[in-house]
file data_9.cif (mmCIF, C-alpha atoms)
data_target
loop_
_atom_site.label_atom_id
_atom_site.label_comp_id
_atom_site.auth_asym_id
_atom_site.auth_seq_id
_atom_site.Cartn_x
_atom_site.Cartn_y
_atom_site.Cartn_z
CA MET A 1 -23.01 2.62 13.07
CA ASP A 2 -24.72 5.75 11.90
CA PRO A 3 -23.94 6.56 8.29
CA GLY A 4 -25.00 10.12 9.07
CA ASP A 5 -21.79 10.42 11.06
CA ALA A 6 -20.16 11.10 7.76
CA ALA A 7 -16.52 11.90 7.40
CA GLY A 8 -17.47 14.82 5.21
CA ALA A 9 -16.22 13.49 1.93
CA PRO A 10 -18.19 13.20 -1.28
CA ASP A 11 -19.64 9.77 -1.65
CA HIS A 12 -18.04 8.49 -4.82
CA GLY A 13 -19.50 5.47 -6.41
CA GLY A 14 -22.39 5.02 -4.01
CA PRO A 15 -22.93 2.32 -1.46
CA GLY A 16 -22.52 -0.42 -4.04
CA ARG A 17 -18.83 0.33 -4.29
CA GLU A 18 -18.21 0.57 -0.58
CA ARG A 19 -17.21 -2.48 1.40
CA TRP A 20 -19.02 -2.54 4.68
CA LEU A 21 -17.86 -4.86 7.38
CA ASP A 22 -20.56 -6.73 9.21
CA ALA A 23 -20.77 -7.67 12.87
CA ALA A 24 -18.87 -10.89 12.21
CA ALA A 25 -15.74 -9.04 11.28
CA GLY A 26 -14.52 -9.01 14.85
CA PRO A 27 -12.41 -6.42 16.65
CA ILE A 28 -11.34 -4.70 13.44
CA VAL A 29 -14.74 -2.99 13.36
CA ARG A 30 -13.68 -0.47 15.93
CA PRO A 31 -10.86 1.21 13.99
CA TYR A 32 -12.96 1.21 10.88
CA ALA A 33 -15.83 2.95 12.62
CA VAL A 34 -13.92 6.15 11.91
CA THR A 35 -14.11 5.43 8.19
CA ARG A 36 -17.83 4.69 8.24
CA GLY A 37 -16.95 1.07 7.79
CA ARG A 38 -15.14 1.52 4.52
CA THR A 39 -12.00 -0.53 4.23
CA ARG A 40 -10.81 0.81 0.92
CA ALA A 41 -10.07 4.28 -0.31
CA ASN A 42 -11.33 5.37 -3.69
CA GLY A 43 -8.92 4.90 -6.55
CA GLU A 44 -5.42 3.48 -6.39
CA PRO A 45 -4.02 2.83 -2.91
CA LEU A 46 -1.58 5.43 -1.67
CA ASP A 47 1.96 4.27 -1.20
CA ILE A 48 3.09 3.78 2.39
CA VAL A 49 5.55 6.67 1.95
CA ALA A 50 3.41 8.85 -0.31
CA ILE A 51 3.90 12.41 0.90
CA LEU A 52 0.72 14.27 1.68
CA VAL A 53 0.46 18.03 1.94
CA ALA A 54 -2.51 20.31 2.58
CA THR A 55 -3.56 22.29 -0.47
CA GLY A 56 -4.47 25.30 1.67
CA ARG A 57 -8.02 25.19 0.38
CA ARG A 58 -10.64 25.72 3.07
CA PRO A 59 -13.13 22.95 3.65
CA ALA A 60 -16.59 23.85 2.41
CA ASP A 61 -18.16 22.47 5.58
CA PRO A 62 -15.52 22.04 8.32
CA GLY A 63 -18.08 20.58 10.73
CA ARG A 64 -18.45 17.54 8.52
CA LEU A 65 -14.81 16.56 8.87
CA SER A 66 -14.14 13.95 11.53
CA ARG A 67 -11.72 14.89 14.29
CA HIS A 68 -9.19 12.49 12.82
CA GLN A 69 -9.47 14.23 9.48
CA ARG A 70 -9.10 17.65 11.06
CA ARG A 71 -5.98 16.39 12.75
CA LEU A 72 -4.64 14.93 9.52
CA LEU A 73 -5.33 18.22 7.78
CA ALA A 74 -3.46 20.15 10.46
CA LEU A 75 -0.49 17.75 10.27
CA CYS A 76 -0.41 18.06 6.48
CA ARG A 77 0.34 21.76 6.67
CA ARG A 78 3.82 20.32 6.65
CA PRO A 79 4.44 17.44 4.23
CA HIS A 80 3.96 14.10 5.94
CA ALA A 81 4.47 10.57 4.68
CA LEU A 82 1.48 8.27 5.02
CA ALA A 83 3.39 6.03 7.45
CA ASP A 84 4.14 9.05 9.67
CA LEU A 85 0.47 10.05 9.71
CA ALA A 86 -0.58 6.53 10.71
CA SER A 87 2.03 6.52 13.46
CA ASP A 88 1.11 10.03 14.69
CA LEU A 89 -2.58 9.19 14.93
CA ASP A 90 -1.93 5.62 16.12
CA LEU A 91 -4.46 4.30 13.62
CA PRO A 92 -3.94 1.36 11.26
CA LEU A 93 -2.50 2.24 7.88
CA GLY A 94 -5.65 1.13 6.06
CA VAL A 95 -7.78 3.49 8.13
CA ILE A 96 -5.45 6.41 7.39
CA ARG A 97 -5.62 5.55 3.69
CA VAL A 98 -9.40 5.89 3.69
CA LEU A 99 -9.40 9.13 5.69
CA VAL A 100 -6.63 10.71 3.60
CA GLY A 101 -8.37 9.51 0.43
CA ASP A 102 -11.44 11.49 1.46
CA LEU A 103 -9.33 14.59 2.05
CA ILE A 104 -7.74 14.18 -1.39
CA ASP A 105 -11.15 13.73 -3.02
CA SER A 106 -12.31 16.91 -1.29
CA GLY A 107 -9.33 18.83 -2.65
CA LEU A 108 -8.00 19.57 0.84
CA VAL A 109 -4.87 17.42 0.64
CA ASP A 110 -2.68 16.55 -2.30
CA VAL A 111 0.01 13.96 -2.98
CA GLN A 112 3.36 15.70 -3.23
CA ARG A 113 4.80 15.20 -6.70
CA TRP A 114 8.49 14.60 -6.90
CA SER A 115 10.54 16.37 -9.50
CA ALA A 116 14.27 16.36 -9.95
CA PRO A 117 15.81 19.62 -8.71
CA ALA A 118 16.44 22.10 -11.50
CA ASP A 119 20.20 22.06 -10.97
CA ASP A 120 20.42 18.33 -11.55
CA PRO A 121 21.74 17.74 -15.06
CA LEU A 122 19.07 15.22 -15.95
CA ALA A 123 19.46 14.48 -19.62
CA GLY A 124 16.34 14.95 -21.68
CA LEU A 125 14.33 16.60 -18.96
CA PRO A 126 12.96 20.11 -19.29
CA ALA A 127 14.10 22.67 -16.74
CA GLY A 128 12.80 21.76 -13.35
CA GLY A 129 12.42 18.15 -14.27
CA LEU A 130 9.27 16.23 -14.94
CA PRO A 131 6.78 15.89 -12.14
CA TYR A 132 6.81 12.36 -10.90
CA ALA A 133 3.55 10.65 -10.19
CA GLY A 134 4.68 7.15 -10.86
CA PRO A 135 4.50 3.80 -9.14
CA SER A 136 5.74 4.54 -5.67
CA TYR A 137 3.30 7.40 -5.27
CA ALA A 138 0.24 6.60 -7.30
CA GLY A 139 0.40 2.92 -6.54
CA ALA A 140 0.55 1.75 -10.14
CA PRO A 141 1.62 -1.85 -10.68
CA HIS A 142 5.29 -2.51 -10.23
CA SER A 143 6.70 -3.44 -13.59
CA GLY A 144 10.12 -4.39 -12.34
CA SER A 145 11.73 -2.24 -14.97
CA PRO A 146 13.54 0.97 -14.12
CA HIS A 147 11.32 4.03 -14.08
CA ALA A 148 13.28 6.80 -15.67
CA ASN A 149 11.61 9.51 -13.59
CA ALA A 150 11.03 7.59 -10.37
CA PRO A 151 13.03 8.80 -7.38
CA HIS A 152 14.27 5.34 -6.43
CA THR A 153 15.96 4.86 -9.81
CA ASP A 154 17.17 8.43 -10.35
CA PRO A 155 20.98 8.21 -10.34
CA ASN A 156 21.34 11.85 -9.31
CA LEU A 157 19.09 11.44 -6.31
CA LEU A 158 20.73 8.15 -5.33
CA ARG A 159 24.16 9.77 -5.57
CA ARG A 160 23.05 12.57 -3.26
CA VAL A 161 21.63 10.04 -0.81
CA LEU A 162 24.87 8.10 -0.92
CA ASP A 163 27.04 11.15 -0.25
CA GLU A 164 24.87 12.20 2.67
CA LEU A 165 24.73 8.72 4.16
CA ARG A 166 28.52 8.47 4.01
CA ALA A 167 28.79 11.83 5.74
CA LEU A 168 26.40 10.95 8.58
CA MET B 1 -0.37 17.58 18.83
CA ASN B 2 -2.53 18.05 21.88
CA SER B 3 -4.62 14.92 22.19
CA ALA B 4 -7.05 16.60 24.58
CA ARG B 5 -7.96 19.13 21.94
CA SER B 6 -8.67 16.48 19.37
CA ASP B 7 -11.30 15.01 21.64
CA LEU B 8 -13.38 18.17 21.55
CA PRO B 9 -16.49 18.28 19.36
CA PRO B 10 -16.08 19.70 15.85
CA GLN B 11 -15.03 23.32 15.89
CA PRO B 12 -14.39 25.18 12.66
CA ASP B 13 -11.53 27.15 14.20
CA THR B 14 -9.65 23.94 14.97
CA LEU B 15 -8.57 24.08 11.35
CA ASP B 16 -6.80 27.33 11.96
CA ALA B 17 -4.81 26.00 14.85
CA PRO B 18 -1.40 25.18 13.43
CA GLU B 19 0.81 22.38 14.58
CA PRO B 20 3.33 23.65 17.12
CA SER B 21 6.09 25.24 15.13
CA ASP B 22 9.04 27.52 15.72
CA ALA B 23 8.67 28.96 12.27
CA PRO B 24 7.64 32.61 11.86
CA ALA B 25 4.04 33.26 10.94
CA ASP B 26 4.76 34.04 7.29
CA HIS B 27 6.85 30.92 6.87
CA ASP B 28 5.44 28.54 4.25
CA GLU B 29 5.30 25.27 6.16
CA ARG B 30 4.73 23.36 2.98
CA LEU B 31 8.44 23.79 2.29
CA ASP B 32 9.29 21.91 5.49
CA GLY B 33 9.12 18.18 5.82
CA PRO B 34 10.07 15.58 3.25
CA ARG B 35 9.63 16.29 -0.44
CA VAL B 36 10.68 12.84 -1.52
CA ALA B 37 10.72 9.59 0.45
CA LEU B 38 12.72 6.51 -0.41
CA LYS B 39 11.88 3.09 0.99
CA ILE B 40 14.40 0.53 2.16
CA LEU B 41 13.21 -2.87 3.35
CA VAL B 42 15.02 -4.79 6.04
CA ALA B 43 14.14 -8.46 5.65
CA GLY B 44 15.29 -11.67 7.24
CA GLY B 45 14.25 -14.43 9.57
CA PHE B 46 12.72 -13.99 13.00
CA GLY B 47 15.14 -12.65 15.58
CA VAL B 48 17.90 -11.88 13.11
CA GLY B 49 18.12 -8.26 14.23
CA LYS B 50 15.94 -6.32 11.77
CA THR B 51 14.56 -3.95 14.39
CA THR B 52 18.01 -3.61 15.94
CA LEU B 53 19.47 -2.51 12.62
CA VAL B 54 16.68 -0.03 11.93
CA GLY B 55 17.02 1.35 15.46
CA ALA B 56 20.78 1.72 15.12
CA VAL B 57 20.50 4.25 12.28
CA SER B 58 17.14 5.88 12.84
CA GLU B 59 14.44 6.63 15.35
CA ILE B 60 11.99 3.76 15.50
CA ARG B 61 8.30 4.52 15.19
CA PRO B 62 5.44 2.07 15.62
CA LEU B 63 3.02 1.43 12.79
CA ARG B 64 -0.17 -0.57 12.78
CA THR B 65 -1.40 -2.31 9.70
CA GLU B 66 -3.79 -5.14 9.08
CA GLU B 67 -3.39 -8.61 7.84
CA ALA B 68 -6.27 -10.13 5.94
CA LEU B 69 -6.58 -13.81 6.69
CA THR B 70 -6.94 -15.17 3.20
CA ASP B 71 -8.57 -18.43 2.19
CA VAL B 72 -5.11 -19.95 2.01
CA GLY B 73 -4.40 -18.80 5.53
CA VAL B 74 -7.70 -20.19 6.76
CA GLY B 75 -6.79 -23.55 5.33
CA VAL B 76 -3.40 -23.57 6.95
CA ASP B 77 -4.13 -22.06 10.32
CA ASP B 78 -6.52 -23.79 12.62
CA LEU B 79 -9.14 -21.10 12.97
CA ASP B 80 -11.96 -23.13 14.47
CA GLY B 81 -13.72 -20.96 16.97
CA VAL B 82 -12.28 -17.74 15.62
CA ALA B 83 -13.60 -18.19 12.10
CA ALA B 84 -15.44 -14.87 12.28
CA LYS B 85 -12.21 -12.94 12.50
CA THR B 86 -11.24 -11.93 8.99
CA THR B 87 -8.49 -9.44 9.72
CA THR B 88 -6.00 -8.94 12.47
CA THR B 89 -3.89 -5.97 13.37
CA VAL B 90 -0.18 -6.31 12.80
CA ALA B 91 2.31 -4.05 14.51
CA MET B 92 5.49 -3.26 12.68
CA ASP B 93 8.29 -0.77 13.11
CA PHE B 94 9.73 1.73 10.76
CA GLY B 95 12.52 4.25 10.97
CA ARG B 96 13.22 7.49 9.20
CA ILE B 97 16.52 9.09 8.28
CA THR B 98 16.08 12.73 7.28
CA LEU B 99 18.68 14.02 4.86
CA ARG B 100 19.07 17.53 3.50
CA ASP B 101 16.92 19.07 0.79
CA GLY B 102 13.74 17.29 1.77
CA VAL B 103 14.98 13.76 1.15
CA ALA B 104 13.92 11.15 3.68
CA ILE B 105 14.77 7.46 3.85
CA TYR B 106 12.17 5.18 5.39
CA LEU B 107 13.34 1.84 6.74
CA PHE B 108 10.81 -0.93 7.14
CA GLY B 109 11.53 -4.12 9.00
CA THR B 110 9.41 -6.69 7.22
CA PRO B 111 7.79 -9.49 9.16
CA GLY B 112 9.39 -12.69 7.98
CA GLN B 113 6.54 -15.17 7.88
CA GLU B 114 4.95 -15.94 4.56
CA ARG B 115 1.57 -14.74 5.72
CA PHE B 116 2.97 -11.21 5.82
CA TRP B 117 3.99 -11.21 2.20
CA PHE B 118 1.07 -8.97 1.34
CA MET B 119 3.08 -6.27 3.14
CA TRP B 120 6.19 -7.14 1.20
CA ASN B 121 4.44 -6.46 -2.10
CA GLU B 122 3.36 -3.07 -0.90
CA LEU B 123 6.74 -2.21 0.60
CA SER B 124 8.85 -3.40 -2.33
CA ARG B 125 6.86 -1.43 -4.88
CA GLY B 126 8.99 1.57 -5.74
CA ALA B 127 11.57 0.69 -3.08
CA LEU B 128 15.16 1.85 -3.36
CA GLY B 129 16.21 -1.60 -2.26
CA ALA B 130 16.36 -4.17 0.49
CA VAL B 131 18.75 -5.44 3.12
CA VAL B 132 18.53 -9.19 3.67
CA LEU B 133 19.82 -9.70 7.18
CA ALA B 134 21.21 -13.16 7.72
CA ASP B 135 22.35 -15.22 10.70
CA THR B 136 24.99 -17.84 9.93
CA ARG B 137 23.36 -20.21 12.41
CA ARG B 138 20.16 -20.10 10.37
CA LEU B 139 21.11 -19.28 6.82
CA MET B 140 18.05 -21.14 5.51
CA ALA B 141 15.87 -18.38 6.95
CA SER B 142 17.29 -15.97 4.35
CA PHE B 143 16.42 -18.02 1.27
CA ALA B 144 12.83 -16.81 1.00
CA SER B 145 13.81 -13.14 1.17
CA ILE B 146 16.56 -13.55 -1.41
CA ASP B 147 14.24 -15.38 -3.79
CA TYR B 148 11.60 -12.73 -3.34
CA PHE B 149 13.84 -9.76 -4.15
CA GLU B 150 15.47 -11.58 -7.05
CA GLN B 151 12.03 -12.20 -8.54
CA LYS B 152 10.86 -8.63 -7.98
CA GLY B 153 14.04 -7.14 -9.38
CA THR B 154 14.50 -5.16 -6.16
CA PRO B 155 18.16 -4.24 -5.54
CA PHE B 156 19.35 -5.98 -2.39
CA VAL B 157 22.44 -6.68 -0.35
CA VAL B 158 23.00 -9.55 2.08
CA ALA B 159 24.27 -8.43 5.45
CA VAL B 160 25.35 -11.11 7.88
CA ASN B 161 24.65 -10.01 11.43
CA CYS B 162 27.64 -11.26 13.40
CA PHE B 163 26.24 -12.66 16.61
CA GLU B 164 28.92 -13.19 19.21
CA ASP B 165 28.23 -16.88 19.68
CA ALA B 166 27.96 -17.62 15.96
CA GLU B 167 30.77 -19.06 13.92
CA ARG B 168 32.44 -16.53 11.62
CA TYR B 169 32.36 -17.10 7.88
CA ASP B 170 33.84 -14.98 5.13
CA PRO B 171 31.49 -13.27 2.70
CA PRO B 172 32.64 -15.55 -0.16
CA GLU B 173 31.64 -18.63 1.87
CA ILE B 174 28.28 -17.10 2.65
CA ARG B 175 27.76 -16.13 -0.98
CA MET B 176 28.38 -19.73 -1.99
CA ALA B 177 26.16 -21.16 0.74
CA LEU B 178 23.30 -18.87 -0.23
CA ASP B 179 23.95 -19.18 -3.99
CA ILE B 180 23.92 -15.42 -4.48
CA ASP B 181 24.74 -13.77 -7.81
CA PRO B 182 28.29 -12.41 -7.99
CA HIS B 183 27.10 -8.81 -8.42
CA VAL B 184 25.06 -8.82 -5.19
CA PRO B 185 27.06 -7.37 -2.28
CA VAL B 186 27.55 -9.64 0.72
CA LEU B 187 28.94 -8.07 3.86
CA LEU B 188 29.35 -8.69 7.56
CA CYS B 189 27.82 -6.29 10.05
CA ASP B 190 26.95 -5.70 13.65
CA ALA B 191 23.34 -4.52 13.56
CA ARG B 192 23.68 -2.95 17.00
CA HIS B 193 26.22 -0.37 15.92
CA ALA B 194 25.25 2.76 14.03
CA LEU B 195 28.43 2.87 11.93
CA SER B 196 28.12 -0.74 10.90
CA ALA B 197 24.41 -0.43 10.13
CA LYS B 198 25.09 2.73 8.16
CA GLN B 199 27.73 0.92 6.12
CA VAL B 200 25.11 -1.67 5.18
CA LEU B 201 22.85 1.09 3.87
CA VAL B 202 25.74 2.72 2.02
CA SER B 203 26.54 -0.51 0.24
CA LEU B 204 22.86 -0.95 -0.66
CA VAL B 205 22.59 2.55 -2.14
CA GLU B 206 25.88 2.00 -4.02
CA HIS B 207 24.43 -1.20 -5.43
CA ALA B 208 21.10 0.45 -6.36
CA LEU B 209 23.01 3.27 -8.01
CA ARG B 210 25.05 0.84 -10.10
CA LEU B 211 21.84 -0.89 -11.19
CA ALA B 212 20.33 2.51 -12.05
CA GLY B 213 23.24 3.10 -14.37
CA GLY B 214 25.15 5.57 -12.22
CA SER B 215 28.64 5.45 -10.80
CA SER B 216 28.92 5.23 -7.03
CA ARG B 217 32.26 6.99 -6.90
CA ARG B 218 32.59 9.78 -4.38
CA LEU B 219 31.83 13.17 -5.93
#

call {"tool": "encode", "arguments": {"input": "data_9.cif", "output": "structure tokens"}}
result
Amino acid sequence: MDPGDAAGAPDHGGPGRERWLDAAAGPIVRPYAVTRGRTRANGEPLDIVAILVATGRRPADPGRLSRHQRRLLALCRRPHALADLASDLDLPLGVIRVLVGDLIDSGLVDVQRWSAPADDPLAGLPAGGLPYAGPSYAGAPHSGSPHANAPHTDPNLLRRVLDELRAL
Amino acid sequence: MNSARSDLPPQPDTLDAPEPSDAPADHDERLDGPRVALKILVAGGFGVGKTTLVGAVSEIRPLRTEEALTDVGVGVDDLDGVAAKTTTTVAMDFGRITLRDGVAIYLFGTPGQERFWFMWNELSRGALGAVVLADTRRLMASFASIDYFEQKGTPFVVAVNCFEDAERYDPPEIRMALDIDPHVPVLLCDARHALSAKQVLVSLVEHALRLAGGSSRRL
């Protein structure tokens, strides 16, 4: 594999922090060729339903993006969940994580932050609600306790979901 | 997306080619698509109807992920001759229900075997809740899922998929057989039917809402 076939992302941490698979790794090498052999994205892993959206910023050097990354970038003009991106590109989730991680590091894609709609009477929240960047999105450890500002424990959001499900 | 185009060599103008869209040119596409996604797990033994249930309420999409064969797995599985293989691709299904206002529900059928529990950890983190699908002919197969969600504090309901050739039991009998806490909903369903599958999800969201401190009464 030619490391010069870079995916166009800044090389955080240097080679010491990258996990390269060797020839003994078997058939999995092929999908990971598109990530230059890296099996882990920088930072915390993205949640399987983290919503990714293009920032609208233009890549400094578009030619250095891989075709998969250009496709991801085009898809992310509309918000897409990580699982949808993996399914659309028919690449394993772990591969998509690495490629999307590069796009995030380059400032081309961002994780959509959830905030309670302004008209929801959420006690104690400023107008517009607090941006949520908690466990299900940033991949922080699951504490098991309710997260006051997490979508999956927001009573107002759950009530809306319930009403809409009943009406389906 | 045109797959032929994506096979072309790098072209800067590819970035300007939008995804096919009916929206007018000045439409901000970032306002389309989901703004918040909620995960629901569908767990249960092999062949209990997880994919059937997901397919009854949503459009199924394939997803590939990888399983790392851990040291534990190497000890258990007989991997002589394939010892070089450290990961294997796992195919799983998921479904999406798109609601109004940018809310989307993602349903994940979770592979039942213990060696897939690495996926469970990922899926249960930040999940709205889980459906434990049970088959009265093989109730034992549900124990592991129930234990798991109890330990994680993930809201869950037990839905008994009523197979035609299986003996019918009432929810109270099933609750007793599975030793389920009184507050956990137990219901019968037919995973093949959209209305029945939807009712399972409704009862899960009601349960999650109660645990989140909200009332599930109709607004």

call {"tool": "closest_residue", "arguments": {"input": "data_9.cif", "among": "A:Ala150, A:Leu162, A:Cys76, A:Leu93", "to": "Ala127 of chain B", "atoms": "all atoms listed in the file"}}
result
A:Ala150

call {"tool": "closest_residue", "arguments": {"input": "data_9.cif", "among": "A:Leu85, A:Ala167, A:Leu158, A:Ile104", "to": "chain B", "atoms": "all atoms listed in the file"}}
result
A:Leu158

call {"tool": "resolve_selection", "arguments": {"input": "data_9.cif", "expression": "the PyMOL selection byres ((chain B and resi 192) around 7)", "output": "PyMOL selection string"}}
result
chain B and resi 52-53+56+190-191+193-194

call {"tool": "closest_residue", "arguments": {"input": "data_9.cif", "among": "A:Ile51, A:Leu165, A:Ile96, A:Val111", "to": "Glu66 of chain B", "atoms": "all atoms listed in the file"}}
result
A:Ile96

call {"tool": "resolve_selection", "arguments": {"input": "data_9.cif", "expression": "the PyMOL selection byres ((chain B and resi 136) around 9)", "output": "short mmCIF file (atom, residue, chain, number, x, y, z; two decimals) with C-alpha atoms, in the frame of the given file"}}
result
data_model
loop_
_atom_site.label_atom_id
_atom_site.label_comp_id
_atom_site.auth_asym_id
_atom_site.auth_seq_id
_atom_site.Cartn_x
_atom_site.Cartn_y
_atom_site.Cartn_z
CA ALA B 134 21.21 -13.16 7.72
CA ASP B 135 22.35 -15.22 10.70
CA ARG B 137 23.36 -20.21 12.41
CA ARG B 138 20.16 -20.10 10.37
CA LEU B 139 21.11 -19.28 6.82
CA MET B 140 18.05 -21.14 5.51
CA VAL B 160 25.35 -11.11 7.88
CA ASN B 161 24.65 -10.01 11.43
CA CYS B 162 27.64 -11.26 13.40
CA PHE B 163 26.24 -12.66 16.61
CA ALA B 166 27.96 -17.62 15.96
CA GLU B 167 30.77 -19.06 13.92
CA ARG B 168 32.44 -16.53 11.62
CA TYR B 169 32.36 -17.10 7.88
CA ILE B 174 28.28 -17.10 2.65
#

call {"tool": "atom_distance", "arguments": {"input": "data_9.cif", "atom1": "atom CA of Thr51 of chain B", "atom2": "atom CA of Leu201 of chain B"}}
result
14.3 Å

call {"tool": "residues_near_point", "arguments": {"input": "data_9.cif", "point": "(-0.3, 19.7, -0.2)", "cutoff": "6 Å", "atoms": "all atoms listed in the file", "output": "number ranges by chain"}}
result
A: 52-55, 109-110

call {"tool": "closest_residue", "arguments": {"input": "data_9.cif", "among": "A:Leu91, A:Val98, A:Leu103, A:Val49", "to": "Leu38 of chain B", "atoms": "only C-alpha atoms"}}
result
A:Val49

call {"tool": "atom_distance", "arguments": {"input": "data_9.cif", "atom1": "atom CA of Pro79 of chain A", "atom2": "atom CA of Arg97 of chain A"}}
result
15.6 Å

call {"tool": "atom_distance", "arguments": {"input": "data_9.cif", "atom1": "atom CA of Gly102 of chain B", "atom2": "atom CA of Asp154 of chain A"}}
result
15.4 Å

call {"tool": "residues_around", "arguments": {"input": "data_9.cif", "residues": "segment 92-99 of chain B", "least_positions_apart": "3", "cutoff": "6 Å", "atoms": "all atoms listed in the file", "output": "mmCIF file with C-alpha atoms, in the frame of the given file"}}
result
data_model
loop_
_atom_site.group_PDB
_atom_site.id
_atom_site.type_symbol
_atom_site.label_atom_id
_atom_site.label_comp_id
_atom_site.auth_asym_id
_atom_site.auth_seq_id
_atom_site.Cartn_x
_atom_site.Cartn_y
_atom_site.Cartn_z
ATOM 1 C CA SER B 58 17.140 5.880 12.840
ATOM 2 C CA GLU B 59 14.440 6.630 15.350
ATOM 3 C CA ILE B 60 11.990 3.760 15.500
ATOM 4 C CA ARG B 61 8.300 4.520 15.190
ATOM 5 C CA PRO B 62 5.440 2.070 15.620
ATOM 6 C CA LEU B 63 3.020 1.430 12.790
ATOM 7 C CA VAL B 103 14.980 13.760 1.150
ATOM 8 C CA ALA B 104 13.920 11.150 3.680
ATOM 9 C CA ILE B 105 14.770 7.460 3.850
ATOM 10 C CA TYR B 106 12.170 5.180 5.390
ATOM 11 C CA LEU B 107 13.340 1.840 6.740
ATOM 12 C CA PHE B 108 10.810 -0.930 7.140
#

call {"tool": "closest_residue", "arguments": {"input": "data_9.cif", "among": "A:Gly56, A:Arg113, A:Arg70, A:Asp88", "to": "Val100 of chain A", "atoms": "only C-alpha atoms"}}
result
A:Arg70

call {"tool": "closest_residue", "arguments": {"input": "data_9.cif", "among": "A:Val95, A:Leu108, A:Ala74, A:Leu82", "to": "Ala60 of chain A", "atoms": "only C-alpha atoms"}}
result
A:Leu108

call {"tool": "axis_aligned_box", "arguments": {"input": "data_9.cif", "around": "segment 68-84 of chain A", "padding_each_side": "4 Å", "output": "AutoDock Vina command-line options"}}
result
--center_x -2.5 --center_y 13.9 --center_z 8.5 --size_x 21.9 --size_y 23.7 --size_z 16.6

call {"tool": "residues_around", "arguments": {"input": "data_9.cif", "residues": "Leu41 of chain B", "least_positions_apart": "5", "cutoff": "8 Å", "atoms": "all atoms listed in the file", "output": "list of chain:residue names"}}
result
B:Leu107, B:Phe108, B:Gly109, B:Thr110, B:Leu123, B:Ser124, B:Ala127, B:Gly129, B:Ala130, B:Val131

call {"tool": "resolve_selection", "arguments": {"input": "data_9.cif", "expression": "the PyMOL selection byres ((chain B and resi 202-213) around 10)", "output": "PDB file with C-alpha atoms, in the frame of the given file"}}
result
ATOM      1  CA  PRO A 146      13.540   0.970 -14.120  1.00  0.00           C
ATOM      2  CA  HIS A 147      11.320   4.030 -14.080  1.00  0.00           C
ATOM      3  CA  ALA A 148      13.280   6.800 -15.670  1.00  0.00           C
ATOM      4  CA  HIS A 152      14.270   5.340  -6.430  1.00  0.00           C
ATOM      5  CA  THR A 153      15.960   4.860  -9.810  1.00  0.00           C
ATOM      6  CA  ASP A 154      17.170   8.430 -10.350  1.00  0.00           C
ATOM      7  CA  PRO A 155      20.980   8.210 -10.340  1.00  0.00           C
ATOM      8  CA  ASN A 156      21.340  11.850  -9.310  1.00  0.00           C
ATOM      9  CA  LEU A 157      19.090  11.440  -6.310  1.00  0.00           C
ATOM     10  CA  LEU A 158      20.730   8.150  -5.330  1.00  0.00           C
ATOM     11  CA  ARG A 159      24.160   9.770  -5.570  1.00  0.00           C
ATOM     12  CA  VAL A 161      21.630  10.040  -0.810  1.00  0.00           C
ATOM     13  CA  LEU A 162      24.870   8.100  -0.920  1.00  0.00           C
ATOM     14  CA  ASP A 163      27.040  11.150  -0.250  1.00  0.00           C
ATOM     15  CA  GLU A 164      24.870  12.200   2.670  1.00  0.00           C
ATOM     16  CA  LEU A 165      24.730   8.720   4.160  1.00  0.00           C
ATOM     17  CA  ARG A 166      28.520   8.470   4.010  1.00  0.00           C
TER      18      ARG A 166
ATOM     19  CA  ILE B  40      14.400   0.530   2.160  1.00  0.00           C
ATOM     20  CA  LEU B 128      15.160   1.850  -3.360  1.00  0.00           C
ATOM     21  CA  GLY B 129      16.210  -1.600  -2.260  1.00  0.00           C
ATOM     22  CA  ALA B 130      16.360  -4.170   0.490  1.00  0.00           C
ATOM     23  CA  VAL B 131      18.750  -5.440   3.120  1.00  0.00           C
ATOM     24  CA  THR B 154      14.500  -5.160  -6.160  1.00  0.00           C
ATOM     25  CA  PRO B 155      18.160  -4.240  -5.540  1.00  0.00           C
ATOM     26  CA  PHE B 156      19.350  -5.980  -2.390  1.00  0.00           C
ATOM     27  CA  VAL B 157      22.440  -6.680  -0.350  1.00  0.00           C
ATOM     28  CA  VAL B 158      23.000  -9.550   2.080  1.00  0.00           C
ATOM     29  CA  ALA B 159      24.270  -8.430   5.450  1.00  0.00           C
ATOM     30  CA  HIS B 183      27.100  -8.810  -8.420  1.00  0.00           C
ATOM     31  CA  VAL B 184      25.060  -8.820  -5.190  1.00  0.00           C
ATOM     32  CA  PRO B 185      27.060  -7.370  -2.280  1.00  0.00           C
ATOM     33  CA  VAL B 186      27.550  -9.640   0.720  1.00  0.00           C
ATOM     34  CA  LEU B 187      28.940  -8.070   3.860  1.00  0.00           C
ATOM     35  CA  SER B 196      28.120  -0.740  10.900  1.00  0.00           C
ATOM     36  CA  ALA B 197      24.410  -0.430  10.130  1.00  0.00           C
ATOM     37  CA  LYS B 198      25.090   2.730   8.160  1.00  0.00           C
ATOM     38  CA  GLN B 199      27.730   0.920   6.120  1.00  0.00           C
ATOM     39  CA  VAL B 200      25.110  -1.670   5.180  1.00  0.00           C
ATOM     40  CA  LEU B 201      22.850   1.090   3.870  1.00  0.00           C
ATOM     41  CA  GLY B 214      25.150   5.570 -12.220  1.00  0.00           C
ATOM     42  CA  SER B 215      28.640   5.450 -10.800  1.00  0.00           C
ATOM     43  CA  SER B 216      28.920   5.230  -7.030  1.00  0.00           C
ATOM     44  CA  ARG B 217      32.260   6.990  -6.900  1.00  0.00           C
TER      45      ARG B 217
END
